[in-house]
Amino acid sequence: MNVVRIIGIEGLPIIKAGDNLAELICNAAENQSTPIQNGDILVVTHVVVSRAEGKVVDLDKVAPSEFAKTIAEQYKKDPALVEAVLRESKGIRRMSDGKLITETKHGFVCANSGVDKSNVPGERNVALLPEDPDHSAMEIRREIRRLTDCDVAVVVSDTHGRPLREGEINIAIGVAGISPIKDRRGEKDLFGYVLRVKRTAIADELASAAELVIGQADEGIPVAIIRGYNYPESEDAKATDLVRPKEQDLFR
């Protein structure tokens, strides 16, 4: 019987710029008697990655452009926040009903370029997405291997809405050691039919599964271990492999 466990890592301190996030994760996992093991998948929220990497902006120090001021007035938003969102984007996809949907410099389409106020200390501070989430995941993975001699996969996650469904879910914006998509084309289903369209976004599924124990507002659990899932390994996959090419996107 296959059993997959999701273990929230508790006891992490408030992450600050320059902190060795991988070391703090390993120590906290050890302290709660769930030390890192070979084959574990670590799902880490982007906010703590961004804080460790110093990707936090004080909005009081942001000078909004005239364009940002115009958008802010139209949609009743903070001009400095709009400016931060615009600086992190390479294009605006939609503006409607007070919402600003952008394409980030990484290629993700999401609200506010992923700029996040949640779980960021400081009244006017916001966390940006990591500069290169795949590299962030790789560095965490490399450091965990150095500290524990364990080979793990790492997924950096963020909370995104979905265009055709209510509610938000966690998705992968950075990966290391794992292929974000499991290609099952050519396999047979229960009745022997050959699967022709079956590519499972496992990195997103793992990120969403982890959110069952992380992201709890009053518990402060920013990292989870997923244990027991036999994932497809990869040394060169990227989270942007999950982004559908524009020419195949029927919803834009």
# chains A, B, ... in the order shown; residues from 1 in each chain; ligands from 1
>>> closest_atom_pairs(of="region 135-229 of chain A", to="region 98-114 of chain A", cutoff="8 Å", atoms="only C-alpha atoms", output="tab-separated table")
residue	atom	partner	partner_atom	distance
A:Asp158	CA	A:Gly114	CA	7.8
A:His160	CA	A:Cys110	CA	6.5
A:Gly161	CA	A:Cys110	CA	7.3
>>> write_last_selection(atoms="N, CA and C atoms", output="mmCIF file, in the first residue's frame")
data_model
loop_
_atom_site.group_PDB
_atom_site.id
_atom_site.type_symbol
_atom_site.label_atom_id
_atom_site.label_comp_id
_atom_site.auth_asym_id
_atom_site.auth_seq_id
_atom_site.Cartn_x
_atom_site.Cartn_y
_atom_site.Cartn_z
ATOM 1 N N ASP A 158 3.579 29.264 -4.312
ATOM 2 C CA ASP A 158 2.885 30.541 -4.145
ATOM 3 C C ASP A 158 1.398 30.269 -4.295
ATOM 4 N N HIS A 160 -2.095 31.072 -5.879
ATOM 5 C CA HIS A 160 -2.659 31.699 -7.071
ATOM 6 C C HIS A 160 -4.149 31.414 -7.173
ATOM 7 N N GLY A 161 -4.871 32.352 -7.763
ATOM 8 C CA GLY A 161 -6.249 32.105 -8.141
ATOM 9 C C GLY A 161 -6.292 31.352 -9.460
#
>>> select_by_dssp(residues="region 51-186 of chain A", states="strand (DSSP E)", output="number ranges by chain")
A: 56-58, 89-96, 99-104, 109-111, 125-127, 153-162, 165-176, 182-183
>>> closest_residue(among="A:Ala239, A:Val48, A:Leu21, A:Val43", to="Val213 (chain A)", atoms="only C-alpha atoms")
A:Val43
>>> closest_residue(among="A:Ser157, A:Ser65, A:Gln248, A:Asn230", to="Leu42 (chain A)", atoms="only C-alpha atoms")
A:Ser157
>>> select_by_dssp(residues="region 73-232 of chain A", states="helix (DSSP H, G or I)", output="ChimeraX atom specification")
/A:73-75,79-87,112-114,133-148,202-210
>>> closest_residue(among="A:Val243, A:Ala17, A:Ile71, A:Ile173", to="Glu131 (chain A)", atoms="only C-alpha atoms")
A:Ile173
>>> closest_residue(among="A:Val156, A:Ile226, A:Ile92, A:Ile221", to="Glu10 (chain A)", atoms="only C-alpha atoms")
A:Ile221
>>> residues_around(residues="Asp236 (chain A)", least_positions_apart="4", cutoff="12 Å", atoms="only C-alpha atoms", output="PyMOL selection string")
chain A and resi 134-135+137-138+174-180+240-241
>>> closest_residue(among="A:Val44, A:Ala172, A:Ile181, A:Ala22", to="Gly8 (chain A)", atoms="only C-alpha atoms")
A:Val44
>>> atom_distance(atom1="CA of Ile15 (chain A)", atom2="CA of Gly220 (chain A)")
11.2 Å
